[in-house]
Amino acid sequence: MSEPGSTETMPADLLESLAREAWEELRPGSGVPAQIDVLKGRREPGRRGAYRLAGAGPDGAAVIAKRCPAAKACVERAIYTEVLPHVPLPAPRYYGSVQEKGGAFCWLFLEDVGEERYSPSDEEHRRLAGRWLGTLHTSAARLAPPACLPDRGPKHYLERLRSARGRILAGLDNPALKAANVAVLEMIVARCAALEAHWHQVERFCEGLPRTVVHGDFAAKNLRVRTRQGGIALLAFDWSNAGWGVPAIDLAQSPRPPSRFAADPDLAGYWAVVRDHWPAFDLGAIQQWGRLATLFRLLAAVAWVAPGLGQEGVEKTMETLRFYQTALDRAAQAVGWLA
């Protein structure tokens, strides 16, 4: 989940022009895109950040152009060039990157992996995701982590917790909030305080876990499946939240029927891959990882949504936060060793 406000606002037609120019700079003479389709930011024209350049790639293939802050681009570039080539998994082809003038933003160019979407409600997809993550985590754990990968251990999620609480407290003075809404927000703040008071238990638990490359936003929106004669394969993209940390974060499970919240990877399938590499962890331990991952992801989700409390129309934000309040309570109880 990306932080709100992390993309510079620019006119949509200018961004399309910049995407075309950056591709021409990277691959001179490769041809003018037959069409440019908006993939990210359809509802916010000034914040569009991803495009499909139809017909611009090798043999007329489509190319995905993604504009992101330079620090995020460094992370994604490292994944595509220093990690994925060394793990036995299919991955989108990486064509290269171009930095914009001024250096604050960068364009990444990738293979278009198609429109066959991953579904958390499809048991075959979930098993595929579990095995895919098991292979990624165990293979990448043997690599030297790229220098630009950020920490994705418990400290990062403590920061998300504090950010979530701070943003909610900042939004409490919005006169558009009803008394019932304020009560929900105060319960989230109280839950965050209780979790922080016991965070030493999270850190102690994570001390015994392996460290590896994690995707950080392993949700259906960032996954595609590719069906071929030999079966189906999973491809992951949008590695802007990737990092080096405990593998648990990628194992989050949706706290309601399959949704956009998480990919719900099959934990038994994950364990079937990792048990020979990490024999100290049985299926029960992996299930505990999944419960911790769900808690981590909920904290990140609250931090991401909470800035909406500063807007005049807050009901949509509150609808989401009411769900997260209940889910946070259940997740904290499910983890068990947190009060």
# chains A, B, ... in the order shown; residues from 1 in each chain; ligands from 1
$ residues_around --residues "range 192-201 of chain A" --least-positions-apart "4" --cutoff "7 Å" --atoms "only C-alpha atoms" --output "JSON, numbers by chain"
{"A": [161, 165, 188, 205, 338]}
$ residues_around --residues "range 178-182 of chain A" --least-positions-apart "4" --cutoff "8 Å" --atoms "only C-alpha atoms" --output "PyMOL selection string"
chain A and resi 172+186+318
$ write_last_selection --atoms "C-alpha atoms" --output "compact mmCIF listing (two decimals), in the first residue's frame"
# COMPACT_ATOMS: atom_id res chain seq x y z
CA LEU A 172 -10.67 13.84 15.20
CA GLU A 186 -11.07 6.28 19.69
CA MET A 318 -15.36 5.86 8.14
$ closest_atom_pairs --of "range 146-256 of chain A" --to "range 123-126 of chain A" --cutoff "9 Å" --atoms "only C-alpha atoms" --output "CSV"
residue,atom,partner,partner_atom,distance
A:Val225,CA,A:His125,CA,8.0
A:Ile232,CA,A:His125,CA,8.8
A:Leu234,CA,A:His125,CA,8.2
$ residues_around --residues "Arg297 in chain A" --least-positions-apart "2" --cutoff "9 Å" --atoms "only C-alpha atoms" --output "number ranges by chain"
A: 1, 157, 216-217, 249-250, 252, 261-262, 292-295, 299-302
$ residues_around --residues "range 83-99 of chain A" --least-positions-apart "5" --cutoff "9 Å" --atoms "only C-alpha atoms" --output "number ranges by chain"
A: 22-23, 25-27, 63, 70, 73, 77-78, 104-113, 132, 135-136, 139-140, 143, 145-146, 213, 233-237
$ select_by_dssp --residues "range 54-89 of chain A" --states "helix (DSSP H, G or I)" --output "ChimeraX atom specification"
/A:58-60,70-86
$ closest_residue --among "A:Thr320, A:Thr212, A:Ser17, A:Gln333" --to "Ala248 in chain A" --atoms "only C-alpha atoms"
A:Thr212
$ select_by_dssp --residues "range 17-121 of chain A" --states "strand (DSSP E or B)" --output "PyMOL selection string"
chain A and resi 35-40+50-54+63-69+94-99+105-111+117
$ write_last_selection --atoms "N, CA and C atoms" --output "compact mmCIF listing (two decimals), in the first residue's frame"
# COMPACT_ATOMS: atom_id res chain seq x y z
N GLN A 35 -1.37 3.28 -29.20
CA GLN A 35 -2.38 3.77 -28.27
C GLN A 35 -1.78 3.79 -26.88
N ILE A 36 -2.21 4.75 -26.06
CA ILE A 36 -1.77 4.81 -24.66
C ILE A 36 -2.99 4.67 -23.77
N ASP A 37 -2.99 3.63 -22.94
CA ASP A 37 -4.11 3.37 -22.03
C ASP A 37 -3.69 3.68 -20.60
N VAL A 38 -4.56 4.33 -19.85
CA VAL A 38 -4.31 4.63 -18.45
C VAL A 38 -4.58 3.38 -17.62
N LEU A 39 -3.64 2.98 -16.79
CA LEU A 39 -3.81 1.82 -15.92
C LEU A 39 -3.96 2.19 -14.48
N LYS A 40 -3.36 3.27 -14.04
CA LYS A 40 -3.37 3.66 -12.64
C LYS A 40 -3.77 5.12 -12.52
N ALA A 50 0.61 5.08 -14.27
CA ALA A 50 0.95 3.87 -15.02
C ALA A 50 0.15 3.82 -16.31
N TYR A 51 0.85 3.45 -17.39
CA TYR A 51 0.24 3.44 -18.71
C TYR A 51 0.63 2.17 -19.46
N ARG A 52 -0.23 1.78 -20.40
CA ARG A 52 0.10 0.72 -21.33
C ARG A 52 0.38 1.36 -22.68
N LEU A 53 1.61 1.17 -23.18
CA LEU A 53 1.99 1.69 -24.49
C LEU A 53 1.77 0.58 -25.50
N ALA A 54 0.62 0.60 -26.14
CA ALA A 54 0.25 -0.48 -27.06
C ALA A 54 1.15 -0.45 -28.30
N VAL A 63 3.89 -2.34 -23.77
CA VAL A 63 4.86 -2.04 -22.72
C VAL A 63 4.14 -1.27 -21.62
N ILE A 64 4.44 -1.59 -20.37
CA ILE A 64 3.90 -0.85 -19.24
C ILE A 64 4.91 0.22 -18.83
N ALA A 65 4.44 1.46 -18.79
CA ALA A 65 5.26 2.59 -18.34
C ALA A 65 4.74 3.04 -16.98
N LYS A 66 5.61 3.02 -16.00
CA LYS A 66 5.21 3.39 -14.63
C LYS A 66 6.09 4.54 -14.14
N ARG A 67 5.43 5.61 -13.70
CA ARG A 67 6.14 6.77 -13.15
C ARG A 67 6.06 6.74 -11.63
N CYS A 68 7.20 6.85 -10.98
CA CYS A 68 7.20 6.80 -9.51
C CYS A 68 8.36 7.63 -8.97
N PRO A 69 8.30 7.99 -7.68
CA PRO A 69 9.41 8.72 -7.06
C PRO A 69 10.71 7.94 -7.18
N TYR A 94 11.89 -6.85 -17.68
CA TYR A 94 12.23 -5.47 -17.33
C TYR A 94 13.02 -4.87 -18.48
N TYR A 95 12.50 -3.77 -19.05
CA TYR A 95 13.16 -3.15 -20.21
C TYR A 95 14.16 -2.07 -19.81
N GLY A 96 13.98 -1.47 -18.64
CA GLY A 96 14.90 -0.43 -18.21
C GLY A 96 14.15 0.74 -17.59
N SER A 97 14.90 1.80 -17.28
CA SER A 97 14.31 2.97 -16.62
C SER A 97 14.93 4.24 -17.17
N VAL A 98 14.20 5.33 -17.00
CA VAL A 98 14.66 6.65 -17.44
C VAL A 98 14.30 7.65 -16.33
N GLN A 99 15.30 8.42 -15.90
CA GLN A 99 15.05 9.41 -14.86
C GLN A 99 14.60 10.72 -15.50
N PHE A 105 11.66 12.04 -10.09
CA PHE A 105 10.81 10.96 -10.56
C PHE A 105 11.50 10.16 -11.64
N CYS A 106 11.02 8.93 -11.80
CA CYS A 106 11.65 8.01 -12.73
C CYS A 106 10.55 7.21 -13.45
N TRP A 107 10.82 6.83 -14.70
CA TRP A 107 9.93 5.95 -15.46
C TRP A 107 10.53 4.55 -15.52
N LEU A 108 9.74 3.56 -15.17
CA LEU A 108 10.12 2.17 -15.31
C LEU A 108 9.34 1.56 -16.45
N PHE A 109 9.98 0.69 -17.23
CA PHE A 109 9.32 0.07 -18.38
C PHE A 109 9.38 -1.45 -18.26
N LEU A 110 8.21 -2.07 -18.33
CA LEU A 110 8.08 -3.50 -18.08
C LEU A 110 7.20 -4.16 -19.12
N GLU A 111 7.35 -5.46 -19.22
CA GLU A 111 6.46 -6.27 -20.05
C GLU A 111 5.03 -6.17 -19.53
N ARG A 117 -6.59 -12.08 -14.32
CA ARG A 117 -6.42 -11.65 -12.94
C ARG A 117 -6.36 -12.80 -11.95
$ residues_around --residues "Pro210 in chain A" --least-positions-apart "5" --cutoff "10 Å" --atoms "only C-alpha atoms" --output "list in words"
His137, Thr138, Ala141, Gly245, Val246, Pro247, Ala248 and Trp278 of chain A
$ write_last_selection --atoms "C-alpha atoms" --output "mmCIF file, in the first residue's frame"
data_model
loop_
_atom_site.group_PDB
_atom_site.id
_atom_site.type_symbol
_atom_site.label_atom_id
_atom_site.label_comp_id
_atom_site.auth_asym_id
_atom_site.auth_seq_id
_atom_site.Cartn_x
_atom_site.Cartn_y
_atom_site.Cartn_z
ATOM 1 C CA HIS A 137 11.321 -16.337 0.171
ATOM 2 C CA THR A 138 13.611 -19.352 0.405
ATOM 3 C CA ALA A 141 17.071 -15.518 1.567
ATOM 4 C CA GLY A 245 12.518 -8.429 6.379
ATOM 5 C CA VAL A 246 10.482 -11.221 7.913
ATOM 6 C CA PRO A 247 8.629 -13.339 5.335
ATOM 7 C CA ALA A 248 5.406 -13.236 7.350
ATOM 8 C CA TRP A 278 13.409 -23.942 7.290
#
$ atom_distance --atom1 "CA of Trp239 in chain A" --atom2 "CA of Cys148 in chain A"
12.7 Å
